[in-house]
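Q: Structure provided below as structure tokens; questions to follow.
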Amino acid sequence: MKILVIGGTNFIGPYVVRQLIEMGHEVTVFNRGQTTVKLPEEVHWLKGDKPSACASFVGDRQNLSDYKLQFQKLAPQVVLDMIPYTAKDAQDVVDTFKNIAQRVVAISSADVYRARDIIWQRETGIIDPTPLTEDSPLRSQLYPYRGLSDDPFAHDYDKIPVEQVLINATNLPATILRLPMVYGAGDYRHRLYPYLKRMDDKRPAIVLEEKLARWQGCYGYVENVARAITLAVNEEKAKGNIYNVAELPGSTVADLIQAIAKIVGWQGEIVIVPKTQMPDTGKFKSNLNQHWVTDSTRIRTELGYREICDRHEALRRTIGWSREHPPEAVAEKGHSQLLDYKDEDTILAKLKS
Ligand SMILES: NC(=O)c1ccc[n+]([C@@H]2O[C@H](COP(=O)([O-])OP(=O)(O)OC[C@H]3O[C@@H](n4cnc5c(N)ncnc54)[C@H](OP(=O)(O)O)[C@@H]3O)[C@@H](O)[C@H]2O)c1
């Protein structure tokens with residue numbers, strides 16, 4: 001099949017492109033050309049002298065309709081939109097490809113669920129039962145990152161309107177994939193790094209507030225997530241459907257740390273303490289009674305999705321990459337909800353005395 005990938009470089013995209021090519025598809029990647037990536041040798045770019053398994057097309061999706069003639073010439077059967085972030089992005093895809101492509105596969109996120117806003121206390125009320133299915137309640141407030149930074153991306157980002165525009169479009173059938181927190185080589189968020197750094201720094205213990213230790217999140221290893229995406233592209237029967245993508249089962253923060261510790265041979269201890277013993281900096285404003293685990297039964301049953309890499313190997317590969325590519329600003333806490341080493345040492349000393 002001829003597939004046009006909007007995005008396709010940087011983190012998740014290259015894994016998807018590689019798998020699509022391995023499946024025998026003809027892939028054209030559309031992006032601004034700002035992110036470079038090493039794709040396998042058999043991937044030739046449009047200007048190469050050999051026949052192209054993969055071609056690149058430089059353009060900005062903000063002006064998607066400007067490229068309509070080129071898209072008509074290309075005539076992709078499936079458009080894979082890796083990066084729809086706003087209702088406008090989605091509407092542009094529908095308007096541009098409605099008479100060109102047969103269907104669209106669009107990447108969404110588990111952040112559409114109300115559970116996300118219960119955690120961040122933007123919604124109150126009863127805790128939503130987990131695992132969250134595709135029919136679980138969605139956030140009632142739009143634009144989850146608006147006001148949190150000056151970045152226009154944060155102002156306009158919301159996958160809920162993206163999904164609504166695409167699913168309601170009558171002239172271009174869509175498949176939506178709701179991704180979990182994705183980890184693996186290339187993860188610019190460095191999701192595992194804060195835990196790994198503590199272990200590599202030979203810390204004697206990692207202190208977790210008890211609710212954080214037991215909090216369950218949904219995760220996916222990038223090669224497995226790419227497998228789910230390529231299945232949705234490949235399978236015509238995916239059209240019109242929304243699918244969660246996630247590992248089975250969801251993992252608590254303590255489980256995740258244990259699994260990393262096992263791989264790196266860390267001998268330290270996970271010390272779980274009640275909220276009352278935490279310093280103010282460690283008292284989270286988030287509501288950790290709400291877990292954020294999604295149910296991936298539908299994609300497993302309907303599309304036959306299975307992980308191609310088991311969790312141990314997935315973590316092992318990610319750890320190897322993380323050690324070789326530490327984040328530029330080496331923070332002890334990273335993006336996690338961990339304590340500073342100083343606070344951690346104070347708690348450990350108190351527990352010993
Ligand atoms: N990473 C996660 O944990 C996670 C979790 C849930 C959902 N997701 C979703 O997964 C998708 C992929 O995420 P990712 O982290 O892999 O993305 P990413 O690494 O940021 O990749 C972005 C891609 O889009 C291209 N791009 C950016 N702006 C563009 C524009 N205006 N026009 C054309 N191309 C543009 C970039 O290439 P150029 O810079 O060269 O243009 C690059 O190929 C996103 O929809 C994200 O919301 C990710």
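Ligands are numbered from 1 in the order shown, residues from 1 within each chain, and chains are lettered A, B, ... in the order they appear in the structure tokens.
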Please tabulate, as JSON lines, the residues of chain A that come within 7 Å of ligand 1, each with its closest pair of atoms and the distance in Å to one decimal, counting only C-alpha atoms and all ligand atoms and ordering rows by chain, then residue number upward.
A:
{"residue": "A:Ile6", "atom": "CA", "partner": "ligand 1", "partner_atom_place_in_ligand_line": "34 (N)", "distance": 6.1}
{"residue": "A:Gly7", "atom": "CA", "partner": "ligand 1", "partner_atom_place_in_ligand_line": "24 (O)", "distance": 3.4}
{"residue": "A:Gly8", "atom": "CA", "partner": "ligand 1", "partner_atom_place_in_ligand_line": "43 (O)", "distance": 4.3}
{"residue": "A:Thr9", "atom": "CA", "partner": "ligand 1", "partner_atom_place_in_ligand_line": "43 (O)", "distance": 3.5}
{"residue": "A:Asn10", "atom": "CA", "partner": "ligand 1", "partner_atom_place_in_ligand_line": "19 (O)", "distance": 4.1}
{"residue": "A:Phe11", "atom": "CA", "partner": "ligand 1", "partner_atom_place_in_ligand_line": "19 (O)", "distance": 3.9}
{"residue": "A:Ile12", "atom": "CA", "partner": "ligand 1", "partner_atom_place_in_ligand_line": "16 (O)", "distance": 3.7}
{"residue": "A:Gly13", "atom": "CA", "partner": "ligand 1", "partner_atom_place_in_ligand_line": "16 (O)", "distance": 5.4}
{"residue": "A:Phe30", "atom": "CA", "partner": "ligand 1", "partner_atom_place_in_ligand_line": "33 (C)", "distance": 6.1}
{"residue": "A:Asn31", "atom": "CA", "partner": "ligand 1", "partner_atom_place_in_ligand_line": "34 (N)", "distance": 3.4}
{"residue": "A:Arg32", "atom": "CA", "partner": "ligand 1", "partner_atom_place_in_ligand_line": "41 (O)", "distance": 3.5}
{"residue": "A:Gly33", "atom": "CA", "partner": "ligand 1", "partner_atom_place_in_ligand_line": "40 (O)", "distance": 3.6}
{"residue": "A:Gln34", "atom": "CA", "partner": "ligand 1", "partner_atom_place_in_ligand_line": "40 (O)", "distance": 3.5}
{"residue": "A:Thr35", "atom": "CA", "partner": "ligand 1", "partner_atom_place_in_ligand_line": "40 (O)", "distance": 3.8}
{"residue": "A:Thr36", "atom": "CA", "partner": "ligand 1", "partner_atom_place_in_ligand_line": "40 (O)", "distance": 6.6}
{"residue": "A:Gly59", "atom": "CA", "partner": "ligand 1", "partner_atom_place_in_ligand_line": "33 (C)", "distance": 5.9}
{"residue": "A:Asp60", "atom": "CA", "partner": "ligand 1", "partner_atom_place_in_ligand_line": "32 (N)", "distance": 3.6}
{"residue": "A:Arg61", "atom": "CA", "partner": "ligand 1", "partner_atom_place_in_ligand_line": "32 (N)", "distance": 3.9}
{"residue": "A:Gln62", "atom": "CA", "partner": "ligand 1", "partner_atom_place_in_ligand_line": "31 (N)", "distance": 5.5}
{"residue": "A:Met82", "atom": "CA", "partner": "ligand 1", "partner_atom_place_in_ligand_line": "45 (O)", "distance": 5.0}
{"residue": "A:Ile83", "atom": "CA", "partner": "ligand 1", "partner_atom_place_in_ligand_line": "45 (O)", "distance": 3.8}
{"residue": "A:Pro84", "atom": "CA", "partner": "ligand 1", "partner_atom_place_in_ligand_line": "45 (O)", "distance": 5.6}
{"residue": "A:Tyr85", "atom": "CA", "partner": "ligand 1", "partner_atom_place_in_ligand_line": "45 (O)", "distance": 6.5}
{"residue": "A:Ile107", "atom": "CA", "partner": "ligand 1", "partner_atom_place_in_ligand_line": "45 (O)", "distance": 4.9}
{"residue": "A:Ser108", "atom": "CA", "partner": "ligand 1", "partner_atom_place_in_ligand_line": "7 (C)", "distance": 5.6}
{"residue": "A:Ser109", "atom": "CA", "partner": "ligand 1", "partner_atom_place_in_ligand_line": "7 (C)", "distance": 4.1}
{"residue": "A:Ala110", "atom": "CA", "partner": "ligand 1", "partner_atom_place_in_ligand_line": "6 (C)", "distance": 6.4}
{"residue": "A:Arg178", "atom": "CA", "partner": "ligand 1", "partner_atom_place_in_ligand_line": "7 (C)", "distance": 6.7}
{"residue": "A:Leu179", "atom": "CA", "partner": "ligand 1", "partner_atom_place_in_ligand_line": "6 (C)", "distance": 4.4}
{"residue": "A:Pro180", "atom": "CA", "partner": "ligand 1", "partner_atom_place_in_ligand_line": "6 (C)", "distance": 5.1}
{"residue": "A:Met181", "atom": "CA", "partner": "ligand 1", "partner_atom_place_in_ligand_line": "3 (O)", "distance": 4.0}
{"residue": "A:Val182", "atom": "CA", "partner": "ligand 1", "partner_atom_place_in_ligand_line": "3 (O)", "distance": 3.8}
{"residue": "A:Tyr183", "atom": "CA", "partner": "ligand 1", "partner_atom_place_in_ligand_line": "3 (O)", "distance": 6.5}
{"residue": "A:Asp187", "atom": "CA", "partner": "ligand 1", "partner_atom_place_in_ligand_line": "1 (N)", "distance": 6.8}
Q: Keeping C-alpha atoms, export the residues of the selection given above as a PDB file, in the first residue's frame.
A:
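Listed below is the output, again.pdb:
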ATOM      1  CA  ILE A   6       2.687  13.072   8.597  1.00  0.00           C
ATOM      2  CA  GLY A   7       5.549  13.385  11.117  1.00  0.00           C
ATOM      3  CA  GLY A   8       7.550  10.180  10.977  1.00  0.00           C
ATOM      4  CA  THR A   9      10.881  11.302  12.351  1.00  0.00           C
ATOM      5  CA  ASN A  10      12.062  12.035  15.893  1.00  0.00           C
ATOM      6  CA  PHE A  11      10.794   9.567  18.545  1.00  0.00           C
ATOM      7  CA  ILE A  12       7.958   7.143  17.654  1.00  0.00           C
ATOM      8  CA  GLY A  13       7.815   7.911  13.927  1.00  0.00           C
ATOM      9  CA  PHE A  30       5.935  14.471   5.308  1.00  0.00           C
ATOM     10  CA  ASN A  31       7.627  16.784   7.785  1.00  0.00           C
ATOM     11  CA  ARG A  32       9.443  20.111   7.982  1.00  0.00           C
ATOM     12  CA  GLY A  33      12.844  18.457   7.698  1.00  0.00           C
ATOM     13  CA  GLN A  34      13.971  19.937  11.007  1.00  0.00           C
ATOM     14  CA  THR A  35      14.369  16.587  12.701  1.00  0.00           C
ATOM     15  CA  THR A  36      16.913  14.275  11.179  1.00  0.00           C
ATOM     16  CA  GLY A  59       6.493  20.770   4.194  1.00  0.00           C
ATOM     17  CA  ASP A  60       4.699  22.281   7.151  1.00  0.00           C
ATOM     18  CA  ARG A  61       1.343  20.843   8.179  1.00  0.00           C
ATOM     19  CA  GLN A  62       0.216  24.307   9.164  1.00  0.00           C
ATOM     20  CA  MET A  82       1.443  10.914  13.758  1.00  0.00           C
ATOM     21  CA  ILE A  83       1.063  14.478  15.018  1.00  0.00           C
ATOM     22  CA  PRO A  84      -2.506  15.837  15.050  1.00  0.00           C
ATOM     23  CA  TYR A  85      -2.545  18.197  18.030  1.00  0.00           C
ATOM     24  CA  ILE A 107      -2.379   9.195  16.886  1.00  0.00           C
ATOM     25  CA  SER A 108      -4.112  10.347  20.044  1.00  0.00           C
ATOM     26  CA  SER A 109      -3.311   9.913  23.707  1.00  0.00           C
ATOM     27  CA  ALA A 110      -4.660   8.425  26.923  1.00  0.00           C
ATOM     28  CA  ARG A 178      -4.781   6.383  22.162  1.00  0.00           C
ATOM     29  CA  LEU A 179      -1.172   5.940  23.211  1.00  0.00           C
ATOM     30  CA  PRO A 180       0.102   5.457  26.763  1.00  0.00           C
ATOM     31  CA  MET A 181       3.341   6.900  28.194  1.00  0.00           C
ATOM     32  CA  VAL A 182       5.844   5.699  25.643  1.00  0.00           C
ATOM     33  CA  TYR A 183       9.421   4.763  26.546  1.00  0.00           C
ATOM     34  CA  ASP A 187      12.460   9.211  24.265  1.00  0.00           C
TER      35      ASP A 187
END
Q: Per DSSP on the backbone, filter region 239-323 of chain A down to the residues in helix (DSSP H, G or I) and report them as a PyMOL selection string.
A: chain A and resi 253-264+275-277+280-282+297-303+311-323
Q: Any chance you could export the current selection's N, CA and C atoms as a compact mmCIF listing (two decimals), in the first residue's frame?
A:
# COMPACT_ATOMS: atom_id res chain seq x y z
N VAL A 253 4.39 2.49 40.22
CA VAL A 253 5.70 3.14 40.18
C VAL A 253 6.73 2.24 40.86
N ALA A 254 6.34 1.62 41.98
CA ALA A 254 7.29 0.74 42.69
C ALA A 254 7.66 -0.46 41.81
N ASP A 255 6.69 -1.03 41.11
CA ASP A 255 6.99 -2.18 40.21
C ASP A 255 7.98 -1.78 39.12
N LEU A 256 7.75 -0.60 38.57
CA LEU A 256 8.62 -0.14 37.49
C LEU A 256 10.06 0.02 38.00
N ILE A 257 10.19 0.61 39.19
CA ILE A 257 11.53 0.81 39.75
C ILE A 257 12.19 -0.55 40.04
N GLN A 258 11.38 -1.48 40.57
CA GLN A 258 11.92 -2.84 40.85
C GLN A 258 12.43 -3.48 39.57
N ALA A 259 11.64 -3.33 38.49
CA ALA A 259 12.01 -3.97 37.23
C ALA A 259 13.31 -3.38 36.68
N ILE A 260 13.48 -2.06 36.83
CA ILE A 260 14.72 -1.43 36.36
C ILE A 260 15.89 -1.90 37.25
N ALA A 261 15.62 -1.94 38.57
CA ALA A 261 16.66 -2.35 39.52
C ALA A 261 17.17 -3.75 39.20
N LYS A 262 16.26 -4.63 38.85
CA LYS A 262 16.63 -6.02 38.55
C LYS A 262 17.59 -6.06 37.36
N ILE A 263 17.30 -5.24 36.37
CA ILE A 263 18.12 -5.25 35.15
C ILE A 263 19.51 -4.67 35.42
N VAL A 264 19.57 -3.59 36.19
CA VAL A 264 20.88 -2.94 36.39
C VAL A 264 21.62 -3.50 37.61
N LYS A 275 2.42 9.90 53.77
CA LYS A 275 2.46 11.32 53.38
C LYS A 275 2.95 12.21 54.53
N THR A 276 2.55 11.86 55.76
CA THR A 276 2.91 12.69 56.93
C THR A 276 4.42 12.78 57.11
N GLN A 277 5.14 11.79 56.63
CA GLN A 277 6.60 11.83 56.80
C GLN A 277 7.33 12.49 55.63
N ASP A 280 7.36 19.04 52.54
CA ASP A 280 6.31 19.71 51.75
C ASP A 280 6.52 19.53 50.25
N THR A 281 7.79 19.53 49.83
CA THR A 281 8.07 19.39 48.39
C THR A 281 7.62 18.03 47.87
N GLY A 282 7.52 17.07 48.76
CA GLY A 282 7.16 15.72 48.33
C GLY A 282 5.69 15.43 48.48
N THR A 297 -7.69 -4.39 25.51
CA THR A 297 -8.33 -5.63 25.02
C THR A 297 -8.83 -5.47 23.58
N ARG A 298 -9.41 -4.30 23.27
CA ARG A 298 -10.06 -4.15 21.95
C ARG A 298 -9.06 -4.34 20.81
N ILE A 299 -7.91 -3.71 20.90
CA ILE A 299 -6.95 -3.82 19.79
C ILE A 299 -6.36 -5.24 19.74
N ARG A 300 -6.26 -5.88 20.91
CA ARG A 300 -5.75 -7.25 20.95
C ARG A 300 -6.76 -8.20 20.30
N THR A 301 -8.05 -8.00 20.60
CA THR A 301 -9.08 -8.91 20.09
C THR A 301 -9.37 -8.64 18.62
N GLU A 302 -9.56 -7.35 18.29
CA GLU A 302 -10.01 -7.04 16.92
C GLU A 302 -8.90 -7.05 15.89
N LEU A 303 -7.71 -6.58 16.29
CA LEU A 303 -6.62 -6.50 15.30
C LEU A 303 -5.50 -7.51 15.56
N ARG A 311 8.65 -7.06 28.17
CA ARG A 311 8.92 -5.87 29.00
C ARG A 311 10.37 -5.82 29.49
N HIS A 312 10.90 -6.99 29.86
CA HIS A 312 12.27 -7.04 30.36
C HIS A 312 13.24 -6.53 29.29
N GLU A 313 13.07 -7.04 28.08
CA GLU A 313 13.95 -6.63 26.97
C GLU A 313 13.71 -5.16 26.62
N ALA A 314 12.45 -4.75 26.67
CA ALA A 314 12.12 -3.36 26.35
C ALA A 314 12.82 -2.41 27.34
N LEU A 315 12.78 -2.77 28.62
CA LEU A 315 13.43 -1.93 29.63
C LEU A 315 14.95 -1.98 29.45
N ARG A 316 15.47 -3.18 29.15
CA ARG A 316 16.91 -3.33 28.97
C ARG A 316 17.41 -2.42 27.83
N ARG A 317 16.68 -2.44 26.72
CA ARG A 317 17.09 -1.61 25.57
C ARG A 317 17.00 -0.12 25.92
N THR A 318 15.95 0.24 26.64
CA THR A 318 15.75 1.66 27.00
C THR A 318 16.85 2.12 27.96
N ILE A 319 17.19 1.26 28.90
CA ILE A 319 18.24 1.61 29.87
C ILE A 319 19.57 1.83 29.14
N GLY A 320 19.89 0.93 28.20
CA GLY A 320 21.14 1.06 27.43
C GLY A 320 21.19 2.39 26.72
N TRP A 321 20.09 2.75 26.09
CA TRP A 321 20.03 4.03 25.36
C TRP A 321 20.10 5.20 26.33
N SER A 322 19.38 5.09 27.45
CA SER A 322 19.32 6.21 28.41
C SER A 322 20.71 6.51 28.97
N ARG A 323 21.49 5.46 29.21
CA ARG A 323 22.84 5.68 29.75
C ARG A 323 23.73 6.38 28.72
Q: Residues at most 10 Å from region 345-348 of chain A, counting only C-alpha atoms, excluding those fewer than 5 positions away in the same chain, as a ChimeraX atom specification?
A: /A:203-207,271,273,277-279,339-340,353
Q: Would you save the residues of that selection, restricted to N, CA and C atoms, as a compact mmCIF listing (two decimals), in the first residue's frame?
A:
# COMPACT_ATOMS: atom_id res chain seq x y z
N ARG A 203 22.71 5.30 44.89
CA ARG A 203 21.92 5.72 46.04
C ARG A 203 21.50 4.47 46.84
N PRO A 204 21.49 4.58 48.17
CA PRO A 204 21.13 3.39 48.97
C PRO A 204 19.64 3.07 48.91
N ALA A 205 18.85 4.10 48.61
CA ALA A 205 17.39 3.90 48.63
C ALA A 205 16.69 4.91 47.74
N ILE A 206 15.51 4.54 47.32
CA ILE A 206 14.62 5.49 46.64
C ILE A 206 13.39 5.61 47.53
N VAL A 207 13.11 6.83 47.97
CA VAL A 207 11.99 7.05 48.89
C VAL A 207 10.75 7.43 48.08
N VAL A 271 11.99 2.58 49.66
CA VAL A 271 11.45 2.85 50.99
C VAL A 271 10.14 3.61 50.82
N VAL A 273 7.01 5.56 52.39
CA VAL A 273 6.67 6.28 53.62
C VAL A 273 5.30 6.96 53.49
N GLN A 277 5.14 11.79 56.63
CA GLN A 277 6.60 11.83 56.80
C GLN A 277 7.33 12.49 55.63
N MET A 278 6.56 12.96 54.66
CA MET A 278 7.19 13.56 53.48
C MET A 278 7.40 15.06 53.71
N PRO A 279 8.50 15.64 53.21
CA PRO A 279 8.65 17.10 53.27
C PRO A 279 7.60 17.74 52.37
N LEU A 339 11.90 12.79 45.25
CA LEU A 339 12.47 13.81 46.14
C LEU A 339 13.89 14.17 45.71
N ASP A 340 14.37 15.34 46.17
CA ASP A 340 15.80 15.65 46.01
C ASP A 340 16.57 14.68 46.89
N SER A 353 17.11 6.43 62.90
CA SER A 353 17.35 6.81 64.31
C SER A 353 16.23 6.29 65.21
Q: Write out as a tab-separated table (two decimals) with N, CA and C atoms, in the first residue's frame which residues come within 12 Å of region 124-139 of chain A when counting only C-alpha atoms, dropping same-chain ones fewer than 3 positions away.
A:
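Wrote it out as result-v4.tsv, contents follow:
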chain	number	residue	atom	x	y	z
A	108	SER	N	-3.58	9.57	18.92
A	108	SER	CA	-4.11	10.35	20.04
A	108	SER	C	-3.39	9.91	21.31
A	109	SER	N	-4.00	10.17	22.44
A	109	SER	CA	-3.31	9.91	23.71
A	109	SER	C	-4.32	9.51	24.78
A	110	ALA	N	-3.82	8.78	25.77
A	110	ALA	CA	-4.66	8.42	26.92
A	110	ALA	C	-4.97	9.66	27.78
A	111	ASP	N	-4.42	10.82	27.39
A	111	ASP	CA	-4.75	12.02	28.17
A	111	ASP	C	-6.15	12.54	27.86
A	112	VAL	N	-6.88	11.88	26.96
A	112	VAL	CA	-8.26	12.31	26.69
A	112	VAL	C	-9.21	11.92	27.84
A	113	TYR	N	-8.80	10.94	28.65
A	113	TYR	CA	-9.73	10.44	29.67
A	113	TYR	C	-9.86	11.39	30.86
A	114	ARG	N	-11.08	11.41	31.42
A	114	ARG	CA	-11.33	12.25	32.60
A	114	ARG	C	-10.36	11.90	33.73
A	115	ALA	N	-9.97	10.62	33.78
A	115	ALA	CA	-9.04	10.18	34.83
A	115	ALA	C	-7.81	11.10	34.89
A	116	ARG	N	-7.36	11.53	33.73
A	116	ARG	CA	-6.18	12.41	33.67
A	116	ARG	C	-6.42	13.68	34.47
A	117	ASP	N	-7.61	14.24	34.32
A	117	ASP	CA	-7.90	15.49	35.01
A	117	ASP	C	-8.27	15.28	36.48
A	118	ILE	N	-8.74	14.07	36.80
A	118	ILE	CA	-8.97	13.78	38.23
A	118	ILE	C	-7.61	13.75	38.93
A	119	ILE	N	-6.63	13.11	38.27
A	119	ILE	CA	-5.28	13.05	38.84
A	119	ILE	C	-4.75	14.47	39.08
A	120	TRP	N	-4.90	15.32	38.07
A	120	TRP	CA	-4.35	16.68	38.18
A	120	TRP	C	-5.31	17.65	38.85
A	121	GLN	N	-6.40	17.11	39.41
A	121	GLN	CA	-7.36	17.89	40.19
A	121	GLN	C	-7.99	19.03	39.40
A	142	LEU	N	-11.55	21.25	28.14
A	142	LEU	CA	-10.59	21.10	27.04
A	142	LEU	C	-9.26	21.80	27.38
A	143	TYR	N	-8.29	21.60	26.54
A	143	TYR	CA	-6.96	22.23	26.57
A	143	TYR	C	-6.23	22.02	27.90
A	144	PRO	N	-5.78	20.80	28.14
A	144	PRO	CA	-5.20	20.45	29.44
A	144	PRO	C	-3.93	21.20	29.81
A	158	ASP	N	-5.03	19.74	22.16
A	158	ASP	CA	-6.03	18.87	22.77
A	158	ASP	C	-6.43	17.77	21.79
A	159	LYS	N	-6.27	16.53	22.24
A	159	LYS	CA	-6.59	15.39	21.36
A	159	LYS	C	-8.10	15.12	21.30
A	160	ILE	N	-8.87	15.66	22.25
A	160	ILE	CA	-10.32	15.39	22.21
A	160	ILE	C	-10.95	16.00	20.95
A	161	PRO	N	-10.76	17.31	20.69
A	161	PRO	CA	-11.30	17.85	19.43
A	161	PRO	C	-10.70	17.19	18.20
A	163	GLU	N	-9.90	14.04	17.87
A	163	GLU	CA	-10.65	12.79	17.68
A	163	GLU	C	-12.05	13.08	17.14
A	164	GLN	N	-12.69	14.11	17.72
A	164	GLN	CA	-14.09	14.41	17.32
A	164	GLN	C	-14.17	14.76	15.84
A	176	ILE	N	-8.47	5.83	15.35
A	176	ILE	CA	-7.77	6.62	16.38
A	176	ILE	C	-7.05	5.66	17.32
A	177	LEU	N	-5.79	5.95	17.59
A	177	LEU	CA	-5.04	5.15	18.58
A	177	LEU	C	-4.68	6.03	19.76
A	178	ARG	N	-5.10	5.62	20.95
A	178	ARG	CA	-4.78	6.38	22.16
A	178	ARG	C	-3.54	5.77	22.81
A	179	LEU	N	-2.44	6.49	22.72
A	179	LEU	CA	-1.17	5.94	23.21
A	179	LEU	C	-1.00	6.18	24.70
A	180	PRO	N	-0.23	5.28	25.34
A	180	PRO	CA	0.10	5.46	26.76
A	180	PRO	C	1.37	6.30	26.89
A	215	TRP	N	0.73	3.93	42.82
A	215	TRP	CA	0.01	4.53	41.68
A	215	TRP	C	0.32	3.76	40.40
A	216	GLN	N	-0.74	3.47	39.63
A	216	GLN	CA	-0.55	2.69	38.40
A	216	GLN	C	-0.74	3.58	37.16
A	217	GLY	N	0.22	3.51	36.28
A	217	GLY	CA	0.14	4.25	35.02
A	217	GLY	C	0.16	3.30	33.84
A	218	CYS	N	-0.18	3.84	32.67
A	218	CYS	CA	-0.14	3.00	31.46
A	218	CYS	C	1.11	3.32	30.66
A	241	ASN	N	-12.83	2.97	14.14
A	241	ASN	CA	-12.66	2.54	15.53
A	241	ASN	C	-11.62	3.36	16.29
A	242	ILE	N	-11.79	3.32	17.62
A	242	ILE	CA	-10.83	3.94	18.54
A	242	ILE	C	-10.20	2.80	19.34
A	243	TYR	N	-8.89	2.83	19.48
A	243	TYR	CA	-8.20	1.77	20.22
A	243	TYR	C	-7.24	2.35	21.25
A	244	ASN	N	-7.30	1.80	22.47
A	244	ASN	CA	-6.23	2.06	23.44
A	244	ASN	C	-5.04	1.19	23.09
A	245	VAL	N	-3.86	1.69	23.35
A	245	VAL	CA	-2.64	0.89	23.20
A	245	VAL	C	-1.91	0.97	24.54
A	246	ALA	N	-1.61	-0.19	25.14
A	246	ALA	CA	-0.87	-0.19	26.41
A	246	ALA	C	-0.36	-1.58	26.73
A	247	GLU	N	0.65	-1.61	27.59
A	247	GLU	CA	1.15	-2.89	28.08
A	247	GLU	C	0.13	-3.53	29.01
A	248	LEU	N	0.26	-4.84	29.16
A	248	LEU	CA	-0.55	-5.57	30.12
A	248	LEU	C	0.37	-6.10	31.20
A	249	PRO	N	0.08	-5.99	32.44
A	249	PRO	CA	-0.93	-5.11	33.03
A	249	PRO	C	-0.32	-3.73	33.21
A	250	GLY	N	-1.10	-2.79	33.78
A	250	GLY	CA	-0.55	-1.49	34.15
A	250	GLY	C	0.51	-1.71	35.24
A	251	SER	N	1.37	-0.76	35.42
A	251	SER	CA	2.47	-0.97	36.35
A	251	SER	C	2.44	0.09	37.44
A	286	SER	N	-1.30	16.26	43.18
A	286	SER	CA	-2.13	15.39	42.35
A	286	SER	C	-2.89	14.36	43.20
A	287	ASN	N	-4.00	13.89	42.64
A	287	ASN	CA	-4.84	12.91	43.34
A	287	ASN	C	-4.45	11.51	42.87
A	288	LEU	N	-3.60	10.89	43.67
A	288	LEU	CA	-3.07	9.58	43.25
A	288	LEU	C	-3.99	8.42	43.61
A	289	ASN	N	-5.20	8.74	44.10
A	289	ASN	CA	-6.20	7.67	44.26
A	289	ASN	C	-6.71	7.24	42.88
A	290	GLN	N	-6.55	8.16	41.93
A	290	GLN	CA	-6.98	7.84	40.56
A	290	GLN	C	-5.79	7.24	39.80
A	291	HIS	N	-5.97	6.01	39.34
A	291	HIS	CA	-4.92	5.40	38.51
A	291	HIS	C	-5.17	5.79	37.05
A	292	TRP	N	-4.18	5.51	36.23
A	292	TRP	CA	-4.26	5.91	34.81
A	292	TRP	C	-3.82	4.74	33.95
A	293	VAL	N	-4.63	3.68	34.03
A	293	VAL	CA	-4.31	2.46	33.30
A	293	VAL	C	-5.38	2.27	32.24
A	294	THR	N	-4.95	2.00	31.02
A	294	THR	CA	-5.94	1.79	29.96
A	294	THR	C	-6.02	0.31	29.60
A	295	ASP	N	-7.20	-0.05	29.12
A	295	ASP	CA	-7.48	-1.45	28.76
A	295	ASP	C	-7.26	-1.61	27.25
A	296	SER	N	-6.33	-2.46	26.88
A	296	SER	CA	-6.01	-2.62	25.46
A	296	SER	C	-6.64	-3.88	24.85
A	297	THR	N	-7.69	-4.39	25.51
A	297	THR	CA	-8.33	-5.63	25.02
A	297	THR	C	-8.83	-5.47	23.58
A	298	ARG	N	-9.41	-4.30	23.27
A	298	ARG	CA	-10.06	-4.15	21.95
A	298	ARG	C	-9.06	-4.34	20.81
A	299	ILE	N	-7.91	-3.71	20.90
A	299	ILE	CA	-6.95	-3.82	19.79
A	299	ILE	C	-6.36	-5.24	19.74
Q: Name the residues in contact with Lys73 (chain A) at a cut-off of 10 Å, using only C-alpha atoms, excluding same-chain residues fewer than 4 positions from it; report them as a list of chain:residue names.
A: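 In the requested form, the answer reads A:Lys68, A:Leu69, A:Ile100.
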Q: Report the residues of region 80-150 of chain A whose backbone DSSP state falls under strand (DSSP E), written as an mmCIF file with N, CA and C atoms, in the first residue's frame.
A:
data_model
loop_
_atom_site.group_PDB
_atom_site.id
_atom_site.type_symbol
_atom_site.label_atom_id
_atom_site.label_comp_id
_atom_site.auth_asym_id
_atom_site.auth_seq_id
_atom_site.Cartn_x
_atom_site.Cartn_y
_atom_site.Cartn_z
ATOM 1 N N LEU A 80 -1.257 8.342 7.568
ATOM 2 C CA LEU A 80 -1.004 8.130 8.993
ATOM 3 C C LEU A 80 -0.572 9.464 9.574
ATOM 4 N N ASP A 81 -1.450 10.057 10.381
ATOM 5 C CA ASP A 81 -1.121 11.344 10.996
ATOM 6 C C ASP A 81 -0.550 11.070 12.381
ATOM 7 N N ARG A 103 -8.465 6.227 3.765
ATOM 8 C CA ARG A 103 -8.709 6.372 5.207
ATOM 9 C C ARG A 103 -7.515 7.032 5.892
ATOM 10 N N VAL A 104 -7.753 7.405 7.142
ATOM 11 C CA VAL A 104 -6.696 8.043 7.927
ATOM 12 C C VAL A 104 -6.555 7.299 9.259
ATOM 13 N N VAL A 105 -5.312 7.168 9.713
ATOM 14 C CA VAL A 105 -5.037 6.645 11.059
ATOM 15 C C VAL A 105 -4.390 7.796 11.814
ATOM 16 N N ALA A 106 -4.939 8.123 12.987
ATOM 17 C CA ALA A 106 -4.442 9.298 13.715
ATOM 18 C C ALA A 106 -4.028 8.913 15.132
ATOM 19 N N ILE A 107 -2.936 9.536 15.572
ATOM 20 C CA ILE A 107 -2.379 9.195 16.886
ATOM 21 C C ILE A 107 -2.903 10.162 17.942
ATOM 22 N N SER A 108 -3.584 9.575 18.925
ATOM 23 C CA SER A 108 -4.112 10.347 20.044
ATOM 24 C C SER A 108 -3.391 9.909 21.312
ATOM 25 N N SER A 109 -4.004 10.165 22.443
ATOM 26 C CA SER A 109 -3.311 9.913 23.707
ATOM 27 C C SER A 109 -4.320 9.514 24.782
#
